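Student: Pasting a structure below so you can have a look.
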Amino acid sequence: ADDPAAVALTANQHAAVMQLTDATLPTGGFAHSGGIEAAMQLGLFRSAMDEQELVRRFILAAARSTLRLQGPFALAAHDMVYNTGSGDQRRVVPDLIDHWDVLDARLHAHLVANAVACRASTQQGTALSRVLAYWLPSLLLEGLPPKLPRAGHMATVFGLAGGLMGLPRGVMLQALVHCTVRDATSAAVRLNSLGPLAAVGFQASVMRELLADVSAAQAAPPG
């Protein structure tokens, strides 16, 4: 498994991962609080303990939960994109999207019991699918499949995007976790649990703590 902290990226890969994790990408991430709003309403952050520490623990738990359940599906979507031909020439797998549809349905079966999380995942995944329909052709990628998914879950669409853009699998997974943490941190700022300046260092420290989890998640098969 590649260590995302040690992988060298090309200029094109740098540009792709920066845009994929850009907060302005219209995927609706900031419409979902990652459970922060519900936790506040339930009083989970009211304690003698420092509120910022409680928020930190909550976001870490949410990110690790995403990694353990959805991370393997994002990796599987990433890994199914290419076959390696003679001379290490990569070719897009025939019927890629048909295989991807089966994987996305498997993830849906895991998420459907939690209606709120399932709806958030499909809304963000479908929004990212719409973005990719305009974005990927502009990258002039070789072997782009003739059709892309019109809908799907965030993790499987994100993994597919990372694979098609040629991002290393660990980098793609770290980017997905970054988006999860960023959106939850943004919700905490919006709900006045964190100050906007404090949130910068807060998010950086949470992501640093999750690096080992990202590396470990790469070895986990889809459940």
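As shown in the structure tokens, the chain order sets the letters A, B, ...; within each chain, residues go from 1, and ligands are also counted from 1 in the order they appear.
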Please list as number ranges by chain every residue within 12 Å of A:Glu51, counting only C-alpha atoms and excluding residues in the same chain fewer than 4 positions away.
Tutor: A: 39-40, 43-47, 55-58, 188, 192-195
Student: Could you dump the residues just selected with C-alpha atoms as a PDB file, in the first residue's frame?
Tutor:
ATOM      1  CA  ALA A  39     -24.904  15.775  18.271  1.00  0.00           C
ATOM      2  CA  MET A  40     -25.329  19.374  19.387  1.00  0.00           C
ATOM      3  CA  GLY A  43     -26.404  17.758  24.027  1.00  0.00           C
ATOM      4  CA  LEU A  44     -23.417  15.511  23.366  1.00  0.00           C
ATOM      5  CA  PHE A  45     -21.025  18.448  23.556  1.00  0.00           C
ATOM      6  CA  ARG A  46     -22.369  19.735  26.891  1.00  0.00           C
ATOM      7  CA  SER A  47     -19.899  18.481  29.461  1.00  0.00           C
ATOM      8  CA  VAL A  55     -15.907  18.015  18.914  1.00  0.00           C
ATOM      9  CA  ARG A  56     -12.448  16.699  18.043  1.00  0.00           C
ATOM     10  CA  ARG A  57     -13.279  13.252  19.417  1.00  0.00           C
ATOM     11  CA  PHE A  58     -16.598  13.224  17.575  1.00  0.00           C
ATOM     12  CA  ALA A 188     -18.771  23.018  13.836  1.00  0.00           C
ATOM     13  CA  ASN A 192     -20.316  28.158  16.897  1.00  0.00           C
ATOM     14  CA  SER A 193     -18.583  25.149  18.435  1.00  0.00           C
ATOM     15  CA  LEU A 194     -15.295  26.276  16.886  1.00  0.00           C
ATOM     16  CA  GLY A 195     -13.936  29.658  15.925  1.00  0.00           C
TER      17      GLY A 195
END
Student: To test your reading of the structure, identify every residue in stretch 15-217 of chain A that backbone DSSP assigns to helix (DSSP H, G or I), and report it as a PyMOL selection string.
Tutor: chain A and resi 15-20+29-31+36-41+51-79+86-88+96-111+115-138+154-164+169-190+198-217
Student: Could you name the residues that touch A:Gln218 at 9 Å or less, counting only C-alpha atoms, but leaving out those on the same chain fewer than 4 positions away, as an MDAnalysis selection string?
Tutor: chainID A and resid 1:2 71:72 75 169:170 173 213:214
Student: Suppose we keep C-alpha atoms; can you now write the selection as an mmCIF file, in the first residue's frame?
Tutor:
data_model
loop_
_atom_site.group_PDB
_atom_site.id
_atom_site.type_symbol
_atom_site.label_atom_id
_atom_site.label_comp_id
_atom_site.auth_asym_id
_atom_site.auth_seq_id
_atom_site.Cartn_x
_atom_site.Cartn_y
_atom_site.Cartn_z
ATOM 1 C CA ALA A 1 0.000 0.000 0.000
ATOM 2 C CA ASP A 2 1.289 3.430 -0.828
ATOM 3 C CA GLY A 71 -12.974 3.430 2.600
ATOM 4 C CA PRO A 72 -12.720 -0.128 1.209
ATOM 5 C CA LEU A 75 -10.432 1.804 -2.842
ATOM 6 C CA ARG A 169 -4.871 4.942 -4.083
ATOM 7 C CA GLY A 170 -3.589 6.205 -0.725
ATOM 8 C CA LEU A 173 -8.301 7.856 0.233
ATOM 9 C CA ASP A 213 -5.834 5.123 9.921
ATOM 10 C CA VAL A 214 -5.686 5.962 6.208
#
Student: Could you check the closest approach to A:Thr185 for each of A:Leu60, A:His99, A:Thr24, A:Leu9 and tell me which residue wins, using only C-alpha atoms?
Tutor: A:Leu60
Student: Considering only C-alpha atoms, state which residue in the set A:Val177, A:Leu167, A:Ala61, A:Met154 is at the smallest distance from A:Leu111.
Tutor: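 So, comparing all the options, the nearest one is A:Met154.
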Student: Within 9 Å of A:Ala175, counting only C-alpha atoms, which residues qualify if same-chain residues fewer than 6 places away don't, as a PyMOL selection string?
Tutor: chain A and resi 17-18+20-21
Student: Would you save the residues of that selection, restricted to all heavy atoms, as an mmCIF file, in the first residue's frame?
Tutor:
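Written output follows (part-v4.cif):
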data_model
loop_
_atom_site.group_PDB
_atom_site.id
_atom_site.type_symbol
_atom_site.label_atom_id
_atom_site.label_comp_id
_atom_site.auth_asym_id
_atom_site.auth_seq_id
_atom_site.Cartn_x
_atom_site.Cartn_y
_atom_site.Cartn_z
ATOM 1 N N VAL A 17 -5.786 16.586 -7.434
ATOM 2 C CA VAL A 17 -6.159 16.375 -6.030
ATOM 3 C C VAL A 17 -6.539 17.700 -5.372
ATOM 4 O O VAL A 17 -7.434 17.748 -4.516
ATOM 5 C CB VAL A 17 -5.032 15.658 -5.259
ATOM 6 C CG1 VAL A 17 -3.889 16.577 -4.899
ATOM 7 C CG2 VAL A 17 -5.588 14.982 -4.001
ATOM 8 N N MET A 18 -5.898 18.791 -5.798
ATOM 9 C CA MET A 18 -6.271 20.093 -5.238
ATOM 10 C C MET A 18 -7.693 20.471 -5.625
ATOM 11 O O MET A 18 -8.464 20.974 -4.801
ATOM 12 C CB MET A 18 -5.278 21.174 -5.680
ATOM 13 C CG MET A 18 -3.953 21.117 -4.944
ATOM 14 S SD MET A 18 -2.879 22.552 -5.256
ATOM 15 C CE MET A 18 -2.405 22.271 -6.957
ATOM 16 N N LEU A 20 -10.068 18.316 -6.607
ATOM 17 C CA LEU A 20 -10.990 17.326 -6.058
ATOM 18 C C LEU A 20 -11.339 17.629 -4.602
ATOM 19 O O LEU A 20 -12.432 17.320 -4.142
ATOM 20 C CB LEU A 20 -10.371 15.936 -6.184
ATOM 21 C CG LEU A 20 -11.262 14.723 -5.900
ATOM 22 C CD1 LEU A 20 -12.487 14.698 -6.810
ATOM 23 C CD2 LEU A 20 -10.456 13.436 -6.033
ATOM 24 N N THR A 21 -10.407 18.224 -3.869
ATOM 25 C CA THR A 21 -10.637 18.546 -2.451
ATOM 26 C C THR A 21 -10.986 20.012 -2.232
ATOM 27 O O THR A 21 -11.109 20.452 -1.087
ATOM 28 C CB THR A 21 -9.395 18.194 -1.621
ATOM 29 O OG1 THR A 21 -8.256 18.901 -2.135
ATOM 30 C CG2 THR A 21 -9.113 16.707 -1.658
#
Student: Show which residues sit within 7 Å of A:Phe73, as a list in words. Count only C-alpha atoms, and ignore same-chain residues fewer than 4 positions away.
Tutor: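 In the requested format, the answer is Ala77, Leu107, Ala155, Thr156 and Pro222 of chain A.
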Student: Name all residues at most 10 Å from A:Asp101 (count only C-alpha atoms; drop same-chain ones fewer than 4 positions away) and give them as a PDB file with N, CA and C atoms, in the first residue's frame.
Tutor:
ATOM      1  N   ALA A  77     -13.382   0.913  -5.941  1.00  0.00           N
ATOM      2  CA  ALA A  77     -13.761   1.688  -7.131  1.00  0.00           C
ATOM      3  C   ALA A  77     -12.524   2.223  -7.839  1.00  0.00           C
ATOM      4  N   LEU A  96     -16.396  -0.988 -17.453  1.00  0.00           N
ATOM      5  CA  LEU A  96     -16.029  -0.467 -16.132  1.00  0.00           C
ATOM      6  C   LEU A  96     -17.253  -0.026 -15.341  1.00  0.00           C
ATOM      7  N   ILE A  97     -18.125   0.760 -15.951  1.00  0.00           N
ATOM      8  CA  ILE A  97     -19.245   1.339 -15.201  1.00  0.00           C
ATOM      9  C   ILE A  97     -20.241   0.254 -14.795  1.00  0.00           C
ATOM     10  N   ALA A 105     -23.980  -0.583  -5.601  1.00  0.00           N
ATOM     11  CA  ALA A 105     -25.170  -1.220  -5.016  1.00  0.00           C
ATOM     12  C   ALA A 105     -24.811  -1.931  -3.722  1.00  0.00           C
ATOM     13  N   ARG A 106     -23.617  -2.512  -3.654  1.00  0.00           N
ATOM     14  CA  ARG A 106     -23.174  -3.170  -2.416  1.00  0.00           C
ATOM     15  C   ARG A 106     -23.017  -2.148  -1.291  1.00  0.00           C
ATOM     16  N   LEU A 107     -22.437  -1.003  -1.621  1.00  0.00           N
ATOM     17  CA  LEU A 107     -22.294   0.042  -0.605  1.00  0.00           C
ATOM     18  C   LEU A 107     -23.665   0.536  -0.165  1.00  0.00           C
ATOM     19  N   PRO A 149     -21.091   7.364 -14.390  1.00  0.00           N
ATOM     20  CA  PRO A 149     -22.308   7.228 -13.585  1.00  0.00           C
ATOM     21  C   PRO A 149     -23.058   8.552 -13.473  1.00  0.00           C
ATOM     22  N   ALA A 151     -25.370   8.855 -11.086  1.00  0.00           N
ATOM     23  CA  ALA A 151     -25.705   8.912  -9.663  1.00  0.00           C
ATOM     24  C   ALA A 151     -24.872   7.861  -8.955  1.00  0.00           C
ATOM     25  N   GLY A 152     -24.843   7.940  -7.625  1.00  0.00           N
ATOM     26  CA  GLY A 152     -24.095   6.953  -6.851  1.00  0.00           C
ATOM     27  C   GLY A 152     -23.752   7.506  -5.488  1.00  0.00           C
ATOM     28  N   THR A 156     -17.878   5.693  -3.596  1.00  0.00           N
ATOM     29  CA  THR A 156     -17.607   4.962  -4.834  1.00  0.00           C
ATOM     30  C   THR A 156     -17.385   5.913  -6.012  1.00  0.00           C
TER      31      THR A 156
END
Student: Atom CA of A:Ala15 and atom CA of A:Asp95 are how many Å apart?
Tutor: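 Distance reported for this atom pair: 27.8 Å.
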